[in-house]
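Containing compact mmCIF, C-alpha atoms: run.txt.
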```
# COMPACT_ATOMS: atom_id res chain seq x y z
CA MET A 1240 94.79 1.52 -58.78
CA ARG A 1241 93.92 -1.84 -57.30
CA ILE A 1242 91.84 -2.59 -54.25
CA SER A 1243 95.01 -3.02 -52.19
CA ASP A 1244 96.13 0.48 -53.20
CA LEU A 1245 92.76 1.89 -52.14
CA SER A 1246 93.18 0.14 -48.83
CA ARG A 1247 96.71 1.39 -48.32
CA GLN A 1248 95.84 4.98 -49.14
CA THR A 1249 92.82 5.14 -46.86
CA GLY A 1250 93.64 2.72 -44.08
CA VAL A 1251 90.35 0.89 -44.76
CA PRO A 1252 90.82 -2.92 -44.72
CA VAL A 1253 90.32 -4.70 -48.06
CA ALA A 1254 87.50 -6.80 -46.56
CA THR A 1255 85.63 -3.62 -45.61
CA ILE A 1256 86.10 -2.16 -49.09
CA LYS A 1257 84.70 -5.39 -50.54
CA PHE A 1258 81.75 -5.10 -48.21
CA TYR A 1259 81.07 -1.52 -49.41
CA LEU A 1260 81.29 -2.78 -53.01
CA ARG A 1261 78.80 -5.59 -52.31
CA GLU A 1262 76.50 -3.11 -50.58
CA ARG A 1263 76.86 -0.81 -53.61
CA LEU A 1264 77.99 2.09 -51.48
CA LEU A 1265 81.08 2.08 -53.68
CA PRO A 1266 80.52 1.80 -57.44
CA PRO A 1267 82.26 -1.19 -59.04
CA GLY A 1268 85.73 -0.71 -60.49
CA THR A 1269 86.65 -1.27 -64.10
CA PRO A 1270 87.21 -5.02 -64.63
CA THR A 1271 90.65 -5.91 -65.96
CA CYS A 1272 90.67 -9.70 -65.79
CA ARG A 1273 88.71 -12.28 -63.90
CA ASN A 1274 88.28 -11.24 -60.27
CA GLN A 1275 90.34 -8.10 -60.73
CA ALA A 1276 89.31 -4.50 -61.19
CA VAL A 1277 90.92 -1.10 -61.12
CA TYR A 1278 89.70 1.91 -59.23
CA ASP A 1279 90.22 5.61 -59.67
CA GLU A 1280 90.12 8.91 -57.79
CA THR A 1281 86.32 8.78 -57.67
CA HIS A 1282 86.48 5.58 -55.68
CA LEU A 1283 89.14 6.96 -53.39
CA ARG A 1284 87.10 10.05 -52.66
CA ARG A 1285 83.92 8.13 -52.17
CA LEU A 1286 85.66 5.77 -49.76
CA LEU A 1287 86.95 8.69 -47.71
CA LEU A 1288 83.43 10.10 -47.63
CA ILE A 1289 81.96 6.80 -46.41
CA ARG A 1290 84.61 6.52 -43.72
CA ALA A 1291 84.02 10.07 -42.50
CA PHE A 1292 80.29 9.38 -42.26
CA THR A 1293 80.66 6.03 -40.51
CA THR A 1294 83.66 6.40 -38.21
CA ILE A 1295 83.58 10.08 -37.29
CA ALA A 1296 79.90 10.94 -37.52
CA ARG A 1297 78.95 7.34 -36.62
CA LEU A 1298 76.09 7.17 -39.09
CA ASP A 1299 74.60 3.81 -39.93
CA LEU A 1300 74.84 2.44 -43.46
CA SER A 1301 71.28 3.31 -44.44
CA SER A 1302 71.84 6.97 -43.53
CA VAL A 1303 75.12 6.92 -45.44
CA ARG A 1304 73.35 5.43 -48.44
CA ALA A 1305 70.67 8.14 -48.31
CA LEU A 1306 73.26 10.91 -48.03
CA LEU A 1307 75.32 9.56 -50.93
CA GLY A 1308 72.17 9.21 -53.01
CA ALA A 1309 71.19 12.81 -52.33
CA ILE A 1310 74.67 14.12 -53.12
CA GLU A 1311 74.64 12.30 -56.47
CA ASP A 1312 71.15 13.31 -57.46
CA GLU A 1313 71.85 16.42 -59.50
CA ARG A 1314 68.18 17.15 -59.92
CA LEU A 1315 68.10 18.22 -56.29
CA SER A 1316 68.62 21.93 -55.82
CA LEU A 1317 70.99 22.80 -53.01
CA PRO A 1318 68.17 23.71 -50.60
CA ARG A 1319 66.50 20.39 -51.38
CA LEU A 1320 69.81 18.59 -50.89
CA TYR A 1321 70.08 20.01 -47.37
CA GLU A 1322 66.51 19.05 -46.69
CA VAL A 1323 66.97 15.48 -47.92
CA ALA A 1324 70.20 15.15 -45.92
CA ASP A 1325 68.45 16.45 -42.82
CA ARG A 1326 65.61 13.94 -43.23
CA ALA A 1327 68.06 11.10 -43.88
CA LEU A 1328 69.82 11.82 -40.62
CA PHE A 1329 66.51 11.88 -38.80
CA ALA A 1330 64.99 8.87 -40.53
CA LYS A 1331 65.24 6.53 -37.58
CA GLU A 1332 64.37 8.99 -34.92
CA PRO A 1333 62.04 7.29 -32.46
CA SER A 1334 59.13 9.46 -31.51
CA PRO A 1335 59.04 9.64 -27.75
CA GLY A 1336 55.64 9.37 -26.09
CA GLY A 1337 53.67 12.54 -26.39
CA THR A 1338 53.19 13.17 -22.69
CA GLY A 1339 54.31 16.10 -20.70
CA GLY A 1340 53.64 19.33 -22.50
CA VAL A 1341 55.16 18.57 -25.90
CA GLU A 1342 52.20 20.17 -27.66
CA GLU A 1343 52.49 23.37 -25.70
CA ALA A 1344 56.25 23.39 -26.25
CA GLN A 1345 55.65 22.85 -29.97
CA ALA A 1346 53.52 26.00 -30.13
CA ASP A 1347 56.27 27.90 -28.33
CA VAL A 1348 58.91 26.60 -30.74
CA ASP A 1349 56.88 27.43 -33.83
CA GLY A 1350 56.20 30.93 -32.50
CA PHE A 1351 59.87 31.39 -31.70
CA LEU A 1352 61.02 30.34 -35.20
CA ALA A 1353 58.50 32.73 -36.73
CA ASP A 1354 59.72 35.53 -34.46
CA ILE A 1355 63.34 35.12 -35.46
CA GLY A 1356 62.30 34.94 -39.10
CA TRP A 1357 63.65 31.52 -40.03
CA ARG A 1358 62.04 29.97 -43.07
CA VAL A 1359 61.87 26.34 -42.09
CA ASP A 1360 59.63 23.61 -43.46
CA PRO A 1361 56.60 23.11 -41.19
CA GLU A 1362 57.53 19.41 -41.29
CA ALA A 1363 61.21 19.89 -40.42
CA PRO A 1364 62.12 17.27 -37.78
CA GLY A 1365 64.11 19.93 -35.94
CA ARG A 1366 60.87 21.59 -34.82
CA THR A 1367 59.70 18.46 -33.00
CA ARG A 1368 63.14 17.80 -31.64
CA LEU A 1369 63.31 21.25 -30.12
CA ALA A 1370 59.81 20.93 -28.67
CA GLN A 1371 60.79 17.60 -27.08
CA VAL A 1372 63.86 19.14 -25.51
CA LEU A 1373 61.93 22.14 -24.22
CA ALA A 1374 59.16 19.96 -22.79
CA ALA A 1375 61.69 17.65 -21.12
CA LEU A 1376 63.60 20.56 -19.58
CA ARG A 1377 60.36 21.95 -18.18
CA LEU A 1378 59.26 18.58 -16.83
CA LEU A 1379 62.61 18.31 -15.12
CA GLY A 1380 62.07 21.61 -13.40
CA CYS A 1381 64.03 24.01 -15.59
CA GLU A 1382 62.02 27.22 -15.59
CA CYS A 1383 63.00 27.98 -19.11
CA GLY A 1384 60.97 30.09 -21.44
CA ILE A 1385 61.54 29.63 -25.13
CA ASP A 1386 63.89 32.64 -24.99
CA PHE A 1387 66.38 30.38 -23.31
CA PHE A 1388 67.03 29.01 -26.81
CA ALA A 1389 67.77 32.39 -28.37
CA PRO A 1390 71.58 32.24 -27.99
CA TYR A 1391 71.59 28.74 -29.52
CA ALA A 1392 69.60 29.96 -32.50
CA SER A 1393 71.86 32.90 -32.99
CA ALA A 1394 75.00 30.74 -32.75
CA ALA A 1395 73.48 28.24 -35.18
CA GLU A 1396 72.60 30.93 -37.70
CA HIS A 1397 76.03 32.48 -37.46
CA LEU A 1398 77.71 29.10 -38.03
CA ALA A 1399 75.40 28.27 -40.95
CA GLU A 1400 76.44 31.54 -42.60
CA HIS A 1401 80.08 30.69 -41.94
CA GLU A 1402 79.73 27.24 -43.51
CA LEU A 1403 77.76 28.37 -46.50
CA ASP A 1404 80.29 31.09 -47.25
CA LEU A 1405 82.44 28.21 -48.48
CA LEU A 1406 79.94 27.28 -51.16
CA PRO A 1407 80.21 28.82 -54.59
CA PRO A 1408 76.81 29.97 -55.94
CA ASP A 1409 77.00 27.49 -58.83
CA ALA A 1410 77.77 24.50 -56.66
CA ALA A 1411 79.01 21.54 -58.74
CA GLU A 1412 78.79 17.97 -57.53
CA ALA A 1413 82.10 18.04 -55.68
CA ASP A 1414 80.92 21.17 -53.87
CA ARG A 1415 77.63 19.54 -53.01
CA ALA A 1416 79.37 16.53 -51.50
CA ALA A 1417 81.70 18.85 -49.63
CA ALA A 1418 78.78 20.87 -48.26
CA VAL A 1419 76.99 17.81 -46.90
CA VAL A 1420 80.08 16.24 -45.41
CA ARG A 1421 81.13 19.54 -43.86
CA SER A 1422 77.72 19.97 -42.35
CA VAL A 1423 77.83 16.50 -40.80
CA LEU A 1424 81.43 16.66 -39.60
CA LEU A 1425 81.18 20.17 -38.25
CA GLY A 1426 78.23 19.01 -36.18
CA VAL A 1427 80.61 16.53 -34.57
CA ALA A 1428 83.21 19.26 -34.14
CA LEU A 1429 80.71 21.60 -32.53
CA GLY A 1430 79.63 18.87 -30.10
CA ALA A 1431 83.24 18.29 -29.11
CA MET A 1432 83.87 22.04 -28.78
CA ARG A 1433 80.85 22.48 -26.61
CA ARG A 1434 81.96 19.82 -24.16
CA MET A 1435 85.48 21.20 -23.99
CA ALA A 1436 84.14 24.73 -23.52
CA GLN A 1437 82.03 23.44 -20.62
CA GLU A 1438 85.05 21.78 -19.09
CA HIS A 1439 86.95 25.04 -19.43
CA VAL A 1440 84.22 27.33 -18.09
CA VAL A 1441 83.13 25.04 -15.25
CA GLY A 1442 86.78 24.73 -14.24
CA LEU A 1443 87.20 28.50 -14.16
CA ARG A 1444 84.03 29.03 -12.18
CA PHE A 1445 83.98 26.09 -9.84
CA GLY A 1446 87.56 25.65 -9.10
CA HIS A 1447 90.07 22.89 -8.75
CA GLN A 1448 92.38 23.99 -11.53
CA ARG A 1449 93.66 20.53 -12.25
CA HIS A 1450 95.05 21.51 -15.60
CA PRO A 1451 97.69 24.22 -15.69
CA ALA A 1452 96.96 27.38 -17.62
CA PRO A 1453 98.22 27.12 -21.19
CA SER A 1454 101.67 28.57 -21.48
CA THR A 1455 101.12 30.66 -24.58
CA MET B 559 52.18 6.34 -5.69
CA ARG B 560 52.02 2.96 -7.37
CA ILE B 561 53.84 1.82 -10.47
CA SER B 562 50.69 2.45 -12.52
CA ASP B 563 50.64 6.07 -11.31
CA LEU B 564 54.29 6.49 -12.29
CA SER B 565 53.40 5.14 -15.69
CA ARG B 566 50.38 7.40 -16.09
CA GLN B 567 52.27 10.52 -15.08
CA THR B 568 55.24 9.92 -17.37
CA GLY B 569 53.76 8.00 -20.29
CA VAL B 570 56.35 5.25 -19.74
CA PRO B 571 54.78 1.75 -20.00
CA VAL B 572 54.70 -0.28 -16.78
CA ALA B 573 56.79 -3.03 -18.41
CA THR B 574 59.52 -0.49 -19.20
CA ILE B 575 59.47 0.83 -15.65
CA LYS B 576 59.84 -2.73 -14.37
CA PHE B 577 62.78 -3.18 -16.73
CA TYR B 578 64.47 -0.05 -15.33
CA LEU B 579 63.86 -1.39 -11.80
CA ARG B 580 65.42 -4.74 -12.68
CA GLU B 581 68.36 -2.98 -14.28
CA ARG B 582 68.67 -0.86 -11.11
CA LEU B 583 68.47 2.36 -13.07
CA LEU B 584 65.48 3.13 -10.85
CA PRO B 585 65.90 2.48 -7.12
CA PRO B 586 63.34 0.04 -5.67
CA GLY B 587 60.14 1.45 -4.16
CA THR B 588 59.07 0.98 -0.58
CA PRO B 589 57.42 -2.45 -0.29
CA THR B 590 53.85 -2.40 1.00
CA CYS B 591 52.73 -5.99 0.62
CA ARG B 592 53.83 -8.91 -1.44
CA ASN B 593 54.59 -7.82 -5.02
CA GLN B 594 53.54 -4.25 -4.35
CA ALA B 595 55.59 -1.15 -3.67
CA VAL B 596 55.07 2.56 -3.52
CA TYR B 597 57.14 5.18 -5.25
CA ASP B 598 57.73 8.86 -4.57
CA GLU B 599 58.81 12.08 -6.27
CA THR B 600 62.41 10.85 -6.43
CA HIS B 601 61.33 7.94 -8.60
CA LEU B 602 59.21 10.18 -10.78
CA ARG B 603 62.08 12.57 -11.34
CA ARG B 604 64.57 9.83 -11.97
CA LEU B 605 62.23 8.23 -14.49
CA LEU B 606 61.87 11.53 -16.37
CA LEU B 607 65.65 11.83 -16.39
CA ILE B 608 66.10 8.33 -17.83
CA ARG B 609 63.49 9.01 -20.51
CA ALA B 610 65.12 12.28 -21.51
CA PHE B 611 68.49 10.55 -21.83
CA THR B 612 67.16 7.55 -23.77
CA THR B 613 64.42 8.93 -26.02
CA ILE B 614 65.59 12.47 -26.72
CA ALA B 615 69.37 12.19 -26.47
CA ARG B 616 69.22 8.53 -27.60
CA LEU B 617 71.88 7.37 -25.17
CA ASP B 618 72.31 3.68 -24.54
CA LEU B 619 71.63 2.23 -21.09
CA SER B 620 75.27 1.96 -20.09
CA SER B 621 75.84 5.66 -20.79
CA VAL B 622 72.66 6.48 -18.86
CA ARG B 623 73.88 4.36 -15.96
CA ALA B 624 77.25 6.15 -15.94
CA LEU B 625 75.59 9.58 -16.04
CA LEU B 626 73.19 8.73 -13.21
CA GLY B 627 76.08 7.34 -11.17
CA ALA B 628 78.10 10.53 -11.66
CA ILE B 629 75.14 12.76 -10.76
CA GLU B 630 74.60 10.82 -7.52
CA ASP B 631 78.23 10.70 -6.50
CA GLU B 632 78.45 13.76 -4.29
CA ARG B 633 82.18 13.35 -3.84
CA LEU B 634 82.60 14.54 -7.42
CA SER B 635 83.20 18.27 -7.66
CA LEU B 636 81.23 19.97 -10.39
CA PRO B 637 84.21 20.14 -12.77
CA ARG B 638 84.81 16.42 -12.20
CA LEU B 639 81.13 15.72 -12.77
CA TYR B 640 81.32 17.36 -16.20
CA GLU B 641 84.47 15.44 -16.96
CA VAL B 642 82.96 12.09 -15.95
CA ALA B 643 79.79 12.85 -17.93
CA ASP B 644 81.87 13.74 -20.96
CA ARG B 645 83.85 10.51 -20.73
CA ALA B 646 80.66 8.48 -20.21
CA LEU B 647 79.22 9.86 -23.41
CA PHE B 648 82.40 9.05 -25.25
CA ALA B 649 82.96 5.64 -23.71
CA LYS B 650 82.06 3.67 -26.79
CA GLU B 651 83.65 5.90 -29.31
CA PRO B 652 85.38 3.74 -31.87
CA SER B 653 88.82 5.01 -32.73
CA PRO B 654 88.99 5.37 -36.49
CA GLY B 655 92.15 4.21 -38.17
CA GLY B 656 94.98 6.64 -37.70
CA THR B 657 95.66 7.30 -41.35
CA GLY B 658 95.49 10.52 -43.17
CA GLY B 659 97.07 13.31 -41.20
CA VAL B 660 95.35 12.85 -37.83
CA GLU B 661 98.63 13.40 -35.99
CA GLU B 662 99.32 16.64 -37.78
CA ALA B 663 95.73 17.74 -37.18
CA GLN B 664 96.12 16.84 -33.50
CA ALA B 665 99.07 19.19 -33.17
CA ASP B 666 97.02 21.93 -34.85
CA VAL B 667 94.10 21.33 -32.49
CA ASP B 668 96.26 21.33 -29.37
CA GLY B 669 97.95 24.54 -30.51
CA PHE B 670 94.59 26.13 -31.25
CA LEU B 671 93.16 25.24 -27.82
CA ALA B 672 96.25 26.69 -26.16
CA ASP B 673 95.95 29.85 -28.25
CA ILE B 674 92.37 30.47 -27.25
CA GLY B 675 93.28 29.78 -23.64
CA TRP B 676 90.95 26.87 -22.91
CA ARG B 677 91.99 24.73 -19.98
CA VAL B 678 91.08 21.29 -21.15
CA ASP B 679 92.40 17.94 -19.95
CA PRO B 680 95.17 16.70 -22.29
CA GLU B 681 93.19 13.44 -22.40
CA ALA B 682 89.81 15.04 -23.22
CA PRO B 683 88.21 12.97 -25.99
CA GLY B 684 87.10 16.21 -27.66
CA ARG B 685 90.68 16.89 -28.71
CA THR B 686 90.90 13.67 -30.71
CA ARG B 687 87.43 14.14 -32.09
CA LEU B 688 88.32 17.56 -33.40
CA ALA B 689 91.57 16.31 -34.89
CA GLN B 690 89.68 13.53 -36.68
CA VAL B 691 87.21 16.00 -38.12
CA LEU B 692 89.96 18.37 -39.25
CA ALA B 693 91.98 15.54 -40.83
CA ALA B 694 88.88 14.19 -42.62
CA LEU B 695 87.95 17.62 -43.96
CA ARG B 696 91.46 18.07 -45.29
CA LEU B 697 91.53 14.61 -46.84
CA LEU B 698 88.27 15.45 -48.56
CA GLY B 699 89.78 18.54 -50.07
CA CYS B 700 88.60 21.29 -47.74
CA GLU B 701 91.47 23.74 -47.55
CA CYS B 702 90.73 24.55 -44.00
CA GLY B 703 93.25 25.81 -41.54
CA ILE B 704 92.54 25.33 -37.90
CA ASP B 705 91.20 28.90 -37.84
CA PHE B 706 88.16 27.59 -39.62
CA PHE B 707 87.09 26.25 -36.21
CA ALA B 708 87.36 29.60 -34.44
CA PRO B 709 83.69 30.61 -34.80
CA TYR B 710 82.63 27.18 -33.48
CA ALA B 711 84.87 27.57 -30.45
CA SER B 712 83.58 31.03 -29.77
CA ALA B 713 79.94 29.91 -30.11
CA ALA B 714 80.63 26.92 -27.84
CA GLU B 715 82.24 29.08 -25.18
CA HIS B 716 79.43 31.59 -25.30
CA LEU B 717 76.82 28.83 -24.91
CA ALA B 718 78.75 27.18 -22.06
CA GLU B 719 78.71 30.52 -20.21
CA HIS B 720 75.00 30.81 -20.90
CA GLU B 721 74.28 27.33 -19.53
CA LEU B 722 76.49 27.65 -16.50
CA ASP B 723 74.86 30.95 -15.57
CA LEU B 724 71.93 28.77 -14.51
CA LEU B 725 74.02 26.97 -11.89
CA PRO B 726 74.21 28.35 -8.37
CA PRO B 727 77.78 28.33 -7.00
CA ASP B 728 76.83 25.86 -4.25
CA ALA B 729 75.22 23.36 -6.59
CA ALA B 730 73.15 20.80 -4.66
CA GLU B 731 72.30 17.39 -6.08
CA ALA B 732 69.18 18.56 -7.91
CA ASP B 733 71.27 21.29 -9.55
CA ARG B 734 73.93 18.80 -10.53
CA ALA B 735 71.39 16.54 -12.19
CA ALA B 736 69.87 19.56 -13.90
CA ALA B 737 73.27 20.69 -15.17
CA VAL B 738 74.08 17.33 -16.73
CA VAL B 739 70.68 16.83 -18.28
CA ARG B 740 70.65 20.39 -19.64
CA SER B 741 74.06 19.88 -21.13
CA VAL B 742 72.95 16.69 -22.89
CA LEU B 743 69.56 17.97 -24.04
CA LEU B 744 70.86 21.32 -25.19
CA GLY B 745 73.35 19.47 -27.35
CA VAL B 746 70.35 17.90 -29.09
CA ALA B 747 68.68 21.30 -29.33
CA LEU B 748 71.78 22.88 -30.83
CA GLY B 749 72.02 20.12 -33.43
CA ALA B 750 68.42 20.69 -34.42
CA MET B 751 68.92 24.47 -34.51
CA ARG B 752 71.96 24.12 -36.68
CA ARG B 753 70.14 22.06 -39.28
CA MET B 754 67.19 24.43 -39.34
CA ALA B 755 69.51 27.42 -39.61
CA GLN B 756 71.17 25.75 -42.59
CA GLU B 757 67.80 25.14 -44.19
CA HIS B 758 66.95 28.79 -43.65
CA VAL B 759 70.25 30.24 -44.86
CA VAL B 760 70.63 27.91 -47.84
CA GLY B 761 67.06 28.76 -48.83
CA LEU B 762 67.78 32.48 -48.70
CA ARG B 763 70.98 32.15 -50.68
CA PHE B 764 70.15 29.49 -53.20
CA GLY B 765 66.60 30.17 -53.90
CA HIS B 766 63.36 28.31 -54.38
CA GLN B 767 61.47 29.86 -51.50
CA ARG B 768 59.26 26.89 -50.96
CA HIS B 769 58.19 28.05 -47.56
CA PRO B 770 56.47 31.41 -47.27
CA ALA B 771 58.14 34.10 -45.18
CA PRO B 772 56.83 34.04 -41.63
CA SER B 773 53.95 36.44 -41.17
CA THR B 774 55.13 38.10 -38.00
```

Structure re-expressed in structure tokens:
Amino acid sequence: MRISDLSRQTGVPVATIKFYLRERLLPPGTPTCRNQAVYDETHLRRLLLIRAFTTIARLDLSSVRALLGAIEDERLSLPRLYEVADRALFAKEPSPGGTGGVEEAQADVDGFLADIGWRVDPEAPGRTRLAQVLAALRLLGCECGIDFFAPYASAAEHLAEHELDLLPPDAAEADRAAAVVRSVLLGVALGAMRRMAQEHVVGLRFGHQRHPAPST
Amino acid sequence: MRISDLSRQTGVPVATIKFYLRERLLPPGTPTCRNQAVYDETHLRRLLLIRAFTTIARLDLSSVRALLGAIEDERLSLPRLYEVADRALFAKEPSPGGTGGVEEAQADVDGFLADIGWRVDPEAPGRTRLAQVLAALRLLGCECGIDFFAPYASAAEHLAEHELDLLPPDAAEADRAAAVVRSVLLGVALGAMRRMAQEHVVGLRFGHQRHPAPST
């Protein structure tokens, strides 16, 4: 198919597709004559992947590039793929100033992860992230012990099992791409769910039923 | 306390504090003499709140401003506060092109939310978000029915109950601020948890135990 067909099928403007080609996020098509090229299903799929990462998960191009690179690198085992994807998403994380009990919170987080038996890289950015959140909540007056996180951990583990049930044990490249994109997109879905669940629960508890009960 | 004390206690540079003052994210201190002012616990708390929003949740200043405005507006009932906070966080959401089955996915999402009995504003951005994710997953070849989201919804509802258990029924302003900041920060925590849970589960299932089992 031609670039205009790619555009029509995906809704991505031709200029944007050309930009992805120049940036080498999309591999070049097969040249037919001067200034023309044809594209195939691989390009279509790759374009959909890029769009999901940029418009729905709102990742910047360098994160997208890192994710695509990891998906394509067949030398990476699946656990390594998840690790590389995780680090790519965290690459630009600013490190907030280390005031206010982050070290103490870090010890609590590490102890907690050991207690629940998770095998997680000592360098996993999630550890620091969690310690920052815990320290900030405490600074802001939330009297929360690390146990406050237990239901989040158990939900996260349950959902990870659910997602990974979709992966065949001998994951081929298409499966690997699917696993990474699912992981990213379902993070977006979970965020949206959480906010809607809050709206629902806070409405039930604190009143003002502005929205009628569903009529199912 | 003086601006230097605020800085020392929070780790936020004086120049940044002055920027927040200019931007009116921080209310002015009480003037003592020319070019000097004193600040109190309110300023300290507000500064911690701003830092949590910007460095940990990585919100931009206009979202922070909207959240702070909603927290301070005591005319907002708690359900409205959550709604305003939700919309503030979504304010800049780009709307991805409407190709590829988003409308069909939207009908599935709306039906699903009615089925599980959530009372959620018909205009809640989460609905669209979810429909975009579902449509993208389908486009990318995931044969997922809307039921695939059920465990996410049930986790989200469970966690919303957990968070809202912390709120007294007669939530005063401090509680309102706490509720919003908890909601935002715990979203970050859940994201981090999810990625670590994936690392853990994928490691168990697909091998290469690079990290030793915890020695608890």

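Among the candidate residues B:Asp733, B:Glu721, B:Asp673, B:Asp679, the one lying nearest to Asp705 (chain B) is B:Asp673, with distances computed using only C-alpha atoms.
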
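From CA of Arg603 (chain B) back to CA of Gly1384 (chain A), the distance works out to 20.3 Å.
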
Counting all atoms listed in the file, figure out which residue out of B:Arg623, B:Arg734, B:Arg677, B:Arg696 gets nearest to chain A.
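That would be B:Arg677, the residue with the smallest distance to chain A.
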
Measuring between all atoms listed in the file, which one of A:Leu1307, A:Leu1369, A:Leu1352, A:Ala1374 shows the shortest distance to chain B?
A:Leu1369

By how many Å are CA of Glu719 (chain B) and CA of Arg1434 (chain A) apart?
11.9 Å

Near-Asp631 (chain B) list (12 Å; all atoms listed in the file; drop same-chain fewer than 6 positions) as JSON, numbers by chain:
{"B": [624, 625, 638, 639, 642, 643, 730, 731, 734, 735]}

Residues within 9 Å of Leu695 (chain B), please, as a ChimeraX atom specification. Count all atoms listed in the file; anything in the same chain fewer than 3 positions from it doesn't count.
/A:1291,1417,1420-1421,1424 /B:690-692,698-702

Just how far from CA of Ser562 (chain B) is CA of Tyr597 (chain B), in Å to one decimal?
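Pair CA of Tyr597 (chain B) / CA of Ser562 (chain B) returns 10.1 Å.
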
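In this comparison, which uses all atoms listed in the file, the residue of A:Phe1351, A:Phe1292, A:Phe1387, A:Trp1357 approaching chain B most closely is A:Trp1357.
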
Applying 12 Å and only C-alpha atoms, which residues near Val570 (chain B) remain after dropping the ones on its own chain fewer than 6 positions away? List them as a list in words.
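Everything that qualifies: Pro1335, Gly1336, Gly1337, Thr1338 and Gly1339 of chain A; Ile561, Ser562, Asp563, Leu564, Lys576, Phe577, Tyr578, Leu602, Leu605, Leu606, Leu607, Ile608, Arg609, Ala610, Thr612 and Thr613 of chain B.
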
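Here the question is which of A:Ile1385, A:Ala1327, A:Leu1298, A:Ala1392 gets nearest to Gln756 (chain B) using all atoms listed in the file, and that residue is A:Ala1392.
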
Using all atoms listed in the file, determine which residues lie at most 12 Å from Val678 (chain B), disregarding the query and same-chain residues fewer than 5 positions distant; provide the list as a PyMOL selection string.
(chain A and resi 1431-1443+1448-1453) or (chain B and resi 637-638+640-641+644+667-668+670-672+683-685)

Considering all atoms listed in the file, can you say which of B:Val622, B:Ile629, B:Ala718, B:Leu725 comes closest to chain A?
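Smallest separation from chain A among the options: B:Ala718.
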
Return the padded bounding box of region 690-708 of chain B as lines of an AutoDock Vina configuration file: axis-aligned, built from all atoms listed in the file, 6 Å added on each side, with centre and edge lengths in Å to one decimal.
```
center_x = 90.2
center_y = 21.6
center_z = -42.3
size_x = 18.2
size_y = 28.1
size_z = 27.6
```

Quick one: residues within 12 Å of Pro1390 (chain A), only C-alpha atoms counted, chain neighbours fewer than 6 positions away excluded, as a PDB file with C-alpha atoms, in the frame of the given file?
```
ATOM      1  CA  ILE A1355      63.340  35.120 -35.460  1.00  0.00           C
ATOM      2  CA  GLU A1396      72.600  30.930 -37.700  1.00  0.00           C
ATOM      3  CA  HIS A1397      76.030  32.480 -37.460  1.00  0.00           C
TER       4      HIS A1397
ATOM      5  CA  ALA B 713      79.940  29.910 -30.110  1.00  0.00           C
ATOM      6  CA  ALA B 714      80.630  26.920 -27.840  1.00  0.00           C
ATOM      7  CA  GLU B 715      82.240  29.080 -25.180  1.00  0.00           C
ATOM      8  CA  HIS B 716      79.430  31.590 -25.300  1.00  0.00           C
ATOM      9  CA  LEU B 717      76.820  28.830 -24.910  1.00  0.00           C
ATOM     10  CA  ALA B 718      78.750  27.180 -22.060  1.00  0.00           C
ATOM     11  CA  GLU B 719      78.710  30.520 -20.210  1.00  0.00           C
ATOM     12  CA  HIS B 720      75.000  30.810 -20.900  1.00  0.00           C
ATOM     13  CA  GLU B 721      74.280  27.330 -19.530  1.00  0.00           C
ATOM     14  CA  LEU B 744      70.860  21.320 -25.190  1.00  0.00           C
ATOM     15  CA  ALA B 747      68.680  21.300 -29.330  1.00  0.00           C
ATOM     16  CA  LEU B 748      71.780  22.880 -30.830  1.00  0.00           C
ATOM     17  CA  MET B 751      68.920  24.470 -34.510  1.00  0.00           C
ATOM     18  CA  ARG B 752      71.960  24.120 -36.680  1.00  0.00           C
TER      19      ARG B 752
END
```
